[in-house]
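*Asks:* Below is the file entry_33.json, which contains JSON, C-alpha atoms.
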[["chain", "number", "residue", "atom", "x", "y", "z"],
["A", 1, "MET", "CA", -107.30, 77.80, 116.51],
["A", 2, "SER", "CA", -107.62, 74.08, 116.93],
["A", 3, "LEU", "CA", -111.24, 74.11, 115.80],
["A", 4, "ALA", "CA", -110.30, 74.98, 112.24],
["A", 5, "PRO", "CA", -111.10, 72.15, 109.84],
["A", 6, "SER", "CA", -108.05, 70.64, 108.18],
["A", 7, "VAL", "CA", -107.04, 71.48, 104.66],
["A", 8, "PRO", "CA", -108.09, 68.57, 102.42],
["A", 9, "THR", "CA", -105.07, 66.46, 101.49],
["A", 10, "GLU", "CA", -105.76, 66.90, 97.80],
["A", 11, "LEU", "CA", -105.69, 70.68, 98.11],
["A", 12, "ASP", "CA", -102.56, 70.55, 100.23],
["A", 13, "GLU", "CA", -100.75, 68.49, 97.63],
["A", 14, "ARG", "CA", -102.04, 70.65, 94.80],
["A", 15, "PHE", "CA", -100.49, 73.69, 96.42],
["A", 16, "ARG", "CA", -97.19, 71.90, 96.98],
["A", 17, "ARG", "CA", -97.05, 70.88, 93.32],
["A", 18, "ALA", "CA", -97.96, 74.39, 92.15],
["A", 19, "ALA", "CA", -95.22, 75.92, 94.30],
["A", 20, "GLY", "CA", -92.69, 73.65, 92.60],
["A", 21, "ALA", "CA", -94.11, 74.20, 89.13],
["A", 22, "GLU", "CA", -93.94, 77.98, 89.53],
["A", 23, "HIS", "CA", -90.26, 77.83, 90.49],
["A", 24, "LEU", "CA", -90.89, 79.56, 93.79],
["A", 25, "LEU", "CA", -88.86, 77.20, 95.95],
["A", 26, "ASP", "CA", -85.25, 77.33, 97.10],
["A", 27, "VAL", "CA", -85.43, 73.71, 98.16],
["A", 28, "ARG", "CA", -87.92, 70.92, 97.69],
["A", 29, "TYR", "CA", -87.67, 67.77, 99.72],
["A", 30, "ASP", "CA", -89.47, 64.48, 100.12],
["A", 31, "LEU", "CA", -89.35, 61.46, 102.37],
["A", 32, "ILE", "CA", -89.02, 58.09, 100.69],
["A", 33, "ASP", "CA", -88.68, 54.49, 101.72],
["A", 34, "SER", "CA", -85.54, 52.63, 100.75],
["A", 35, "PRO", "CA", -84.00, 49.23, 101.53],
["A", 36, "ILE", "CA", -81.95, 50.91, 104.23],
["A", 37, "GLY", "CA", -84.91, 52.72, 105.83],
["A", 38, "PRO", "CA", -86.53, 56.11, 105.34],
["A", 39, "LEU", "CA", -84.53, 58.74, 103.49],
["A", 40, "LEU", "CA", -84.97, 62.46, 103.12],
["A", 41, "LEU", "CA", -84.02, 63.74, 99.68],
["A", 42, "ALA", "CA", -83.65, 67.45, 99.02],
["A", 43, "ARG", "CA", -83.02, 69.36, 95.84],
["A", 44, "SER", "CA", -81.97, 73.00, 95.58],
["A", 45, "THR", "CA", -82.15, 75.08, 92.43],
["A", 46, "ARG", "CA", -78.76, 73.61, 91.51],
["A", 47, "GLY", "CA", -79.52, 69.93, 92.00],
["A", 48, "LEU", "CA", -79.64, 67.26, 94.67],
["A", 49, "CYS", "CA", -78.32, 68.87, 97.83],
["A", 50, "ARG", "CA", -79.00, 66.41, 100.63],
["A", 51, "ILE", "CA", -79.66, 62.76, 101.34],
["A", 52, "GLU", "CA", -80.35, 62.13, 104.97],
["A", 53, "PHE", "CA", -80.58, 58.72, 106.56],
["A", 54, "ASP", "CA", -82.93, 58.26, 109.49],
["A", 55, "PRO", "CA", -84.14, 61.83, 108.95],
["A", 56, "GLU", "CA", -85.62, 64.31, 111.37],
["A", 57, "PRO", "CA", -87.68, 66.31, 108.90],
["A", 58, "GLU", "CA", -88.36, 69.30, 111.17],
["A", 59, "ARG", "CA", -84.72, 69.93, 111.90],
["A", 60, "ALA", "CA", -83.67, 69.14, 108.34],
["A", 61, "ALA", "CA", -86.09, 71.70, 106.92],
["A", 62, "GLU", "CA", -84.65, 74.45, 109.12],
["A", 63, "GLN", "CA", -81.09, 73.51, 108.26],
["A", 64, "LEU", "CA", -81.90, 73.53, 104.57],
["A", 65, "ALA", "CA", -83.53, 76.93, 104.99],
["A", 66, "ARG", "CA", -80.42, 78.40, 106.63],
["A", 67, "THR", "CA", -78.17, 76.98, 103.94],
["A", 68, "PHE", "CA", -80.10, 77.38, 100.72],
["A", 69, "GLY", "CA", -82.90, 79.88, 101.38],
["A", 70, "LEU", "CA", -86.10, 80.04, 103.39],
["A", 71, "ARG", "CA", -88.46, 78.75, 100.75],
["A", 72, "VAL", "CA", -88.20, 75.10, 101.69],
["A", 73, "LEU", "CA", -91.21, 72.88, 101.05],
["A", 74, "ARG", "CA", -91.96, 69.19, 101.08],
["A", 75, "THR", "CA", -93.20, 68.27, 97.61],
["A", 76, "PRO", "CA", -94.49, 64.70, 97.50],
["A", 77, "GLY", "CA", -93.39, 63.12, 94.25],
["A", 78, "GLY", "CA", -91.31, 66.18, 93.46],
["A", 79, "LEU", "CA", -88.04, 64.27, 93.46],
["A", 80, "ASP", "CA", -89.08, 61.27, 91.44],
["A", 81, "SER", "CA", -86.06, 61.29, 89.13],
["A", 82, "GLU", "CA", -83.63, 61.29, 92.05],
["A", 83, "ARG", "CA", -85.72, 58.61, 93.65],
["A", 84, "SER", "CA", -85.63, 56.31, 90.64],
["A", 85, "GLN", "CA", -81.86, 56.76, 90.36],
["A", 86, "LEU", "CA", -81.56, 55.67, 93.97],
["A", 87, "ASP", "CA", -83.86, 52.71, 93.29],
["A", 88, "GLU", "CA", -81.53, 51.68, 90.46],
["A", 89, "TYR", "CA", -78.57, 52.04, 92.79],
["A", 90, "PHE", "CA", -80.16, 49.85, 95.45],
["A", 91, "ARG", "CA", -81.06, 47.23, 92.83],
["A", 92, "GLY", "CA", -77.42, 47.18, 91.75],
["A", 93, "ASP", "CA", -78.17, 48.63, 88.30],
["A", 94, "ARG", "CA", -76.31, 51.85, 88.95],
["A", 95, "THR", "CA", -72.93, 52.63, 90.47],
["A", 96, "ASP", "CA", -72.60, 56.33, 89.90],
["A", 97, "PHE", "CA", -74.79, 59.44, 89.69],
["B", 1, "MET", "CA", -82.85, 74.46, 116.80],
["B", 2, "MET", "CA", -80.44, 76.87, 115.16],
["B", 3, "MET", "CA", -81.46, 80.47, 115.78],
["B", 4, "LEU", "CA", -79.63, 83.29, 114.05],
["B", 5, "HIS", "CA", -82.08, 85.84, 115.34],
["B", 6, "PRO", "CA", -84.44, 85.71, 118.31],
["B", 7, "VAL", "CA", -87.39, 85.64, 115.92],
["B", 8, "SER", "CA", -85.90, 84.33, 112.74],
["B", 9, "VAL", "CA", -88.15, 83.44, 109.84],
["B", 10, "PRO", "CA", -88.85, 79.69, 109.85],
["B", 11, "ALA", "CA", -88.52, 77.44, 106.82],
["B", 12, "PHE", "CA", -91.58, 78.01, 104.64],
["B", 13, "GLU", "CA", -92.70, 74.44, 105.33],
["B", 14, "HIS", "CA", -93.20, 75.29, 109.01],
["B", 15, "PHE", "CA", -94.94, 78.58, 108.34],
["B", 16, "TYR", "CA", -97.27, 76.76, 105.95],
["B", 17, "GLU", "CA", -97.97, 73.83, 108.29],
["B", 18, "GLU", "CA", -98.72, 76.13, 111.17],
["B", 19, "HIS", "CA", -101.21, 78.35, 109.38],
["B", 20, "ARG", "CA", -102.76, 76.36, 106.52],
["B", 21, "ASP", "CA", -105.77, 75.08, 108.47],
["B", 22, "GLU", "CA", -106.88, 78.37, 109.94],
["B", 23, "ILE", "CA", -106.26, 80.19, 106.68],
["B", 24, "PHE", "CA", -108.38, 77.65, 104.85],
["B", 25, "ALA", "CA", -111.15, 78.10, 107.42],
["B", 26, "HIS", "CA", -110.86, 81.88, 107.10],
["B", 27, "LEU", "CA", -111.13, 81.73, 103.32],
["B", 28, "THR", "CA", -114.06, 79.33, 103.48],
["B", 29, "ARG", "CA", -115.93, 81.83, 105.60],
["B", 30, "LEU", "CA", -115.04, 84.69, 103.28],
["B", 31, "VAL", "CA", -115.75, 83.21, 99.87],
["B", 32, "GLY", "CA", -117.43, 79.84, 100.44],
["B", 33, "ARG", "CA", -116.06, 76.34, 100.28],
["B", 34, "GLN", "CA", -115.73, 76.10, 96.51],
["B", 35, "ALA", "CA", -113.86, 79.34, 95.86],
["B", 36, "ALA", "CA", -111.77, 78.81, 98.99],
["B", 37, "GLU", "CA", -109.79, 76.09, 97.23],
["B", 38, "ASP", "CA", -108.42, 78.45, 94.59],
["B", 39, "ALA", "CA", -108.04, 81.24, 97.11],
["B", 40, "PHE", "CA", -106.05, 78.94, 99.37],
["B", 41, "GLN", "CA", -103.51, 78.12, 96.70],
["B", 42, "GLU", "CA", -103.26, 81.75, 95.61],
["B", 43, "THR", "CA", -102.75, 82.90, 99.21],
["B", 44, "PHE", "CA", -99.80, 80.64, 99.83],
["B", 45, "LEU", "CA", -98.28, 81.24, 96.40],
["B", 46, "ARG", "CA", -98.35, 84.97, 97.18],
["B", 47, "ALA", "CA", -96.83, 84.25, 100.57],
["B", 48, "LEU", "CA", -94.06, 82.29, 98.88],
["B", 49, "ARG", "CA", -93.35, 85.17, 96.51],
["B", 50, "GLY", "CA", -92.89, 87.54, 99.43],
["B", 51, "TYR", "CA", -91.25, 85.09, 101.81],
["B", 52, "ALA", "CA", -87.62, 85.65, 100.90],
["B", 53, "ARG", "CA", -88.01, 89.35, 101.66],
["B", 54, "LEU", "CA", -89.24, 88.92, 105.22],
["B", 55, "GLU", "CA", -86.79, 90.34, 107.71],
["B", 56, "HIS", "CA", -88.01, 88.63, 110.86],
["B", 57, "GLY", "CA", -90.50, 86.04, 111.97],
["B", 58, "ARG", "CA", -92.81, 88.27, 114.00],
["B", 59, "HIS", "CA", -96.42, 88.73, 112.96],
["B", 60, "LEU", "CA", -96.38, 85.93, 110.44],
["B", 61, "ARG", "CA", -99.89, 84.94, 111.41],
["B", 62, "ALA", "CA", -101.21, 88.45, 110.83],
["B", 63, "TRP", "CA", -99.31, 88.57, 107.58],
["B", 64, "ALA", "CA", -100.91, 85.32, 106.40],
["B", 65, "PHE", "CA", -104.40, 86.50, 107.34],
["B", 66, "THR", "CA", -103.86, 89.75, 105.51],
["B", 67, "ILE", "CA", -102.76, 88.05, 102.32],
["B", 68, "ALA", "CA", -105.76, 85.72, 102.51],
["B", 69, "THR", "CA", -108.13, 88.64, 103.10],
["B", 70, "ARG", "CA", -106.71, 90.43, 100.07],
["B", 71, "VAL", "CA", -106.97, 87.36, 97.88],
["B", 72, "ALA", "CA", -110.61, 86.99, 98.92],
["B", 73, "ALA", "CA", -111.26, 90.65, 98.12],
["B", 74, "ASP", "CA", -109.65, 90.23, 94.68],
["B", 75, "LEU", "CA", -111.83, 87.20, 94.05],
["B", 76, "ARG", "CA", -114.90, 89.21, 94.86],
["B", 77, "ARG", "CA", -113.89, 91.99, 92.51],
["B", 78, "HIS", "CA", -113.11, 89.55, 89.70],
["B", 79, "PRO", "CA", -115.24, 86.51, 90.35],
["B", 80, "ALA", "CA", -114.58, 83.42, 88.28],
["B", 81, "ALA", "CA", -116.72, 83.08, 85.16],
["B", 82, "ASP", "CA", -118.30, 79.88, 86.42],
["B", 83, "GLY", "CA", -120.32, 81.53, 89.15],
["B", 84, "GLY", "CA", -117.95, 83.16, 91.58],
["B", 85, "VAL", "CA", -120.77, 84.23, 93.83],
["B", 86, "PRO", "CA", -119.82, 83.13, 97.32],
["B", 87, "GLU", "CA", -122.05, 80.50, 98.85],
["B", 88, "GLN", "CA", -123.41, 81.22, 102.26],
["B", 89, "PRO", "CA", -121.06, 79.75, 104.80],
["B", 90, "ALA", "CA", -122.57, 76.61, 106.30],
["B", 91, "SER", "CA", -121.23, 77.25, 109.76],
["B", 92, "ASP", "CA", -123.84, 77.36, 112.52],
["B", 93, "SER", "CA", -121.72, 78.91, 115.22],
["B", 94, "ARG", "CA", -120.80, 82.47, 114.42],
["B", 95, "PRO", "CA", -117.63, 83.56, 116.19],
["B", 96, "ALA", "CA", -116.69, 87.23, 116.27],
["B", 97, "TYR", "CA", -114.48, 87.16, 113.21],
["B", 98, "ALA", "CA", -117.15, 85.43, 111.13],
["B", 99, "GLU", "CA", -119.72, 88.08, 112.02],
["B", 100, "LEU", "CA", -117.26, 90.83, 111.24],
["B", 101, "GLU", "CA", -116.16, 89.39, 107.96],
["B", 102, "HIS", "CA", -119.76, 89.40, 106.87],
["B", 103, "LEU", "CA", -120.58, 92.85, 108.22],
["B", 104, "THR", "CA", -117.49, 94.47, 106.74],
["B", 105, "LEU", "CA", -117.90, 93.20, 103.18],
["B", 106, "GLU", "CA", -118.45, 96.69, 101.78],
["B", 107, "LEU", "CA", -115.53, 98.43, 103.49],
["B", 108, "PRO", "CA", -112.43, 99.46, 101.55],
["B", 109, "PRO", "CA", -109.91, 96.57, 101.75],
["B", 110, "LYS", "CA", -107.49, 98.20, 104.16],
["B", 111, "GLU", "CA", -110.17, 99.30, 106.60],
["B", 112, "ARG", "CA", -111.83, 95.93, 106.37],
["B", 113, "ALA", "CA", -108.60, 94.10, 107.08],
["B", 114, "ALA", "CA", -107.86, 96.39, 110.03],
["B", 115, "VAL", "CA", -111.34, 95.97, 111.54],
["B", 116, "VAL", "CA", -111.40, 92.20, 111.11],
["B", 117, "LEU", "CA", -107.87, 91.67, 112.38],
["B", 118, "ARG", "CA", -108.41, 93.98, 115.36],
["B", 119, "TYR", "CA", -111.90, 93.07, 116.53],
["B", 120, "GLY", "CA", -112.33, 89.64, 114.97],
["B", 121, "TYR", "CA", -108.93, 88.13, 115.62],
["B", 122, "ASP", "CA", -107.85, 90.35, 118.47],
["B", 123, "LEU", "CA", -104.48, 91.23, 116.96],
["B", 124, "THR", "CA", -102.58, 94.24, 118.32],
["B", 125, "TYR", "CA", -102.21, 97.39, 116.24],
["B", 126, "ALA", "CA", -98.50, 96.65, 116.01],
["B", 127, "ASP", "CA", -99.30, 93.28, 114.41],
["B", 128, "ILE", "CA", -101.85, 94.82, 112.11],
["B", 129, "ALA", "CA", -99.42, 97.55, 111.07],
["B", 130, "THR", "CA", -96.90, 94.90, 110.06],
["B", 131, "ALA", "CA", -99.53, 92.92, 108.24],
["B", 132, "LEU", "CA", -100.73, 95.96, 106.32],
["B", 133, "GLU", "CA", -97.22, 97.27, 105.77],
["B", 134, "SER", "CA", -98.09, 100.55, 107.44],
["B", 135, "SER", "CA", -97.50, 102.34, 110.72],
["B", 136, "GLU", "CA", -99.28, 101.54, 113.95],
["B", 137, "ASP", "CA", -101.06, 104.91, 113.75],
["B", 138, "ALA", "CA", -102.24, 104.19, 110.24],
["B", 139, "ALA", "CA", -103.54, 100.79, 111.34],
["B", 140, "ARG", "CA", -105.40, 102.36, 114.25],
["B", 141, "GLN", "CA", -106.82, 104.97, 111.93],
["B", 142, "ALA", "CA", -107.93, 102.41, 109.35],
["B", 143, "ALA", "CA", -109.71, 100.39, 112.04],
["B", 144, "SER", "CA", -111.45, 103.42, 113.52],
["B", 145, "SER", "CA", -112.56, 104.84, 110.19],
["B", 146, "GLY", "CA", -113.81, 101.38, 109.27],
["B", 147, "VAL", "CA", -115.86, 101.28, 112.45],
["B", 148, "ARG", "CA", -117.13, 104.80, 111.82],
["B", 149, "ARG", "CA", -118.19, 103.84, 108.32],
["B", 150, "LEU", "CA", -120.05, 100.81, 109.67],
["B", 151, "ARG", "CA", -121.88, 102.95, 112.21],
["B", 152, "GLU", "CA", -122.86, 105.50, 109.58],
["B", 153, "ARG", "CA", -124.24, 102.80, 107.38],
["B", 154, "ARG", "CA", -126.38, 101.43, 110.16],
["B", 155, "ALA", "CA", -127.74, 104.87, 111.10]]
Output the file's structure in the form of structure tokens.

*Replies:*
Amino acid sequence: MSLAPSVPTELDERFRRAAGAEHLLDVRYDLIDSPIGPLLLARSTRGLCRIEFDPEPERAAEQLARTFGLRVLRTPGGLDSERSQLDEYFRGDRTDF
Amino acid sequence: MMMLHPVSVPAFEHFYEEHRDEIFAHLTRLVGRQAAEDAFQETFLRALRGYARLEHGRHLRAWAFTIATRVAADLRRHPAADGGVPEQPASDSRPAYAELEHLTLELPPKERAAVVLRYGYDLTYADIATALESSEDAARQAASSGVRRLRERRA
């Protein structure tokens, strides 16, 4: 049904945050910019589980689903701590994780 | 793409992306624009709760519509304190499903879902059965008793 109006961005993001907050996800992922280009970061219930360079998000989501469970969702801002650790790494302030 | 099963369940992200717009439109027609926002979130949270138990990826669209229809029905039974009365939908064109959703407001939830999914969205009884977690016969029966009830009311 292409005539359906789009979900407002705000509502879309609210749902994505709620899904994470309610611990209903097997994997959350996000796309971020880095000095070496776009990265896909993914976190399972056990911690950071993937960093992909030059990512293909569609394929990555399916692979994550097969490996960690079907409930895979992009959660913008949902991996901010991993992201700031990477920022520190790229600035040279961090050498291990 | 890696396929373990001819119709394997996709990552939730893809299920969500594929259906979010039409589900939002469906909910807007059912409960009005304002209430649709909460109903939208509740619909997909419920879908997430059930997602890991899905055994195959068939009928996901019917499944999503059914959850949304139930959420809307729950909202109507327990409207929010701050005026949960649905606004009149602002749409000027009235496609079949919109008419039906309006006409079937008073039907029991299962019959309503069956009627709307069958005659409004043109889903097969097999799809509807999956969506309602019942048999194809039961789906057919729910639709036909829903229609009967509508006729009686008009008489």

*Asks:* So which one's closest to chain A, B:Ala62, B:Ala68, B:Val31, B:Ala36? Using all atoms listed in the file, please.

*Replies:*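 Checking each candidate against chain A, we get B:Ala36 as the closest.
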
*Asks:* Sort by chain and increasing residue number a table of all residues of chain A within 7 Å of chain B, each with its closest pair of atoms and their distance in Å to one decimal, counting only C-alpha atoms, and write it as a Markdown table.

*Replies:*
| residue | atom | partner | partner_atom | distance |
| --- | --- | --- | --- | --- |
| A:Met1 | CA | B:Glu22 | CA | 6.6 |
| A:Ala4 | CA | B:Glu22 | CA | 5.3 |
| A:Pro5 | CA | B:Asp21 | CA | 6.2 |
| A:Ser6 | CA | B:Asp21 | CA | 5.0 |
| A:Val7 | CA | B:Asp21 | CA | 5.4 |
| A:Leu11 | CA | B:Glu37 | CA | 6.8 |
| A:Phe15 | CA | B:Gln41 | CA | 5.4 |
| A:Ala19 | CA | B:Leu45 | CA | 6.5 |
| A:Leu24 | CA | B:Leu48 | CA | 6.6 |
| A:Arg59 | CA | B:Met1 | CA | 6.9 |
| A:Ala61 | CA | B:Ala11 | CA | 6.2 |
| A:Glu62 | CA | B:Ala11 | CA | 5.4 |
| A:Ala65 | CA | B:Ala11 | CA | 5.3 |
| A:Leu70 | CA | B:Ala11 | CA | 4.9 |
| A:Arg71 | CA | B:Phe12 | CA | 5.0 |
| A:Val72 | CA | B:Phe12 | CA | 5.3 |
| A:Leu73 | CA | B:Glu13 | CA | 4.8 |
| A:Arg74 | CA | B:Glu13 | CA | 6.8 |

*Asks:* Kindly export the residues of the current selection with C-alpha atoms, as a PDB file, keeping the file's coordinate frame.

*Replies:*
ATOM      1  CA  MET A   1    -107.300  77.800 116.510  1.00  0.00           C
ATOM      2  CA  ALA A   4    -110.300  74.980 112.240  1.00  0.00           C
ATOM      3  CA  PRO A   5    -111.100  72.150 109.840  1.00  0.00           C
ATOM      4  CA  SER A   6    -108.050  70.640 108.180  1.00  0.00           C
ATOM      5  CA  VAL A   7    -107.040  71.480 104.660  1.00  0.00           C
ATOM      6  CA  LEU A  11    -105.690  70.680  98.110  1.00  0.00           C
ATOM      7  CA  PHE A  15    -100.490  73.690  96.420  1.00  0.00           C
ATOM      8  CA  ALA A  19     -95.220  75.920  94.300  1.00  0.00           C
ATOM      9  CA  LEU A  24     -90.890  79.560  93.790  1.00  0.00           C
ATOM     10  CA  ARG A  59     -84.720  69.930 111.900  1.00  0.00           C
ATOM     11  CA  ALA A  61     -86.090  71.700 106.920  1.00  0.00           C
ATOM     12  CA  GLU A  62     -84.650  74.450 109.120  1.00  0.00           C
ATOM     13  CA  ALA A  65     -83.530  76.930 104.990  1.00  0.00           C
ATOM     14  CA  LEU A  70     -86.100  80.040 103.390  1.00  0.00           C
ATOM     15  CA  ARG A  71     -88.460  78.750 100.750  1.00  0.00           C
ATOM     16  CA  VAL A  72     -88.200  75.100 101.690  1.00  0.00           C
ATOM     17  CA  LEU A  73     -91.210  72.880 101.050  1.00  0.00           C
ATOM     18  CA  ARG A  74     -91.960  69.190 101.080  1.00  0.00           C
TER      19      ARG A  74
END

*Asks:* Rounded to one decimal place, report the atom CA of B:Ala131-atom CA of B:Ala35 distance in Å.

*Replies:*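 Separation between atom CA of B:Ala131 and atom CA of B:Ala35: 23.3 Å.
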
*Asks:* Calculate how many Å separate atom CA of B:Arg61 from atom CA of B:Tyr119, rounding to one decimal.

*Replies:*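 Separating atom CA of B:Arg61 from atom CA of B:Tyr119 is a distance of 15.4 Å.
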
*Asks:* Contacts of stretch 40-44 of chain A at 6 Å or less, counting only C-alpha atoms, minus same-chain residues fewer than 2 places along, as a count of residues only?

*Replies:* 14

*Asks:* Select, from A:Thr95, A:Ala18, A:Leu25, A:Asp12, the residue with the minimum atom-to-atom distance to A:Leu64, counting all atoms listed in the file.

*Replies:*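 Ranked by minimum distance to A:Leu64, first place goes to A:Leu25.
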
*Asks:* Could you tell me how far atom CA of A:Glu58 sits from atom CA of A:Ser81, in Å to one decimal place?

*Replies:*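 Going from atom CA of A:Ser81 over to atom CA of A:Glu58, I get 23.6 Å.
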
*Asks:* Within 9 Å of stretch 136-152 of chain B, counting only C-alpha atoms, which residues show up once you throw out same-chain ones fewer than 5 positions away? Write them as a short mmCIF file (atom, residue, chain, number, x, y, z; two decimals) with C-alpha atoms, in the coordinates of the input, please.

*Replies:*
data_model
loop_
_atom_site.label_atom_id
_atom_site.label_comp_id
_atom_site.auth_asym_id
_atom_site.auth_seq_id
_atom_site.Cartn_x
_atom_site.Cartn_y
_atom_site.Cartn_z
CA LEU B 103 -120.58 92.85 108.22
CA THR B 104 -117.49 94.47 106.74
CA LEU B 107 -115.53 98.43 103.49
CA PRO B 108 -112.43 99.46 101.55
CA LYS B 110 -107.49 98.20 104.16
CA GLU B 111 -110.17 99.30 106.60
CA ARG B 112 -111.83 95.93 106.37
CA ALA B 113 -108.60 94.10 107.08
CA ALA B 114 -107.86 96.39 110.03
CA VAL B 115 -111.34 95.97 111.54
CA VAL B 116 -111.40 92.20 111.11
CA LEU B 117 -107.87 91.67 112.38
CA ARG B 118 -108.41 93.98 115.36
CA TYR B 119 -111.90 93.07 116.53
CA TYR B 125 -102.21 97.39 116.24
CA ALA B 126 -98.50 96.65 116.01
CA ASP B 127 -99.30 93.28 114.41
CA ILE B 128 -101.85 94.82 112.11
CA ALA B 129 -99.42 97.55 111.07
CA THR B 130 -96.90 94.90 110.06
#

*Asks:* Counting only C-alpha atoms, which residue out of B:Arg29, B:Arg76, B:His59, B:Arg153 sits closest to B:Glu133?

*Replies:*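 Among the listed residues, the smallest separation from B:Glu133 belongs to B:His59.
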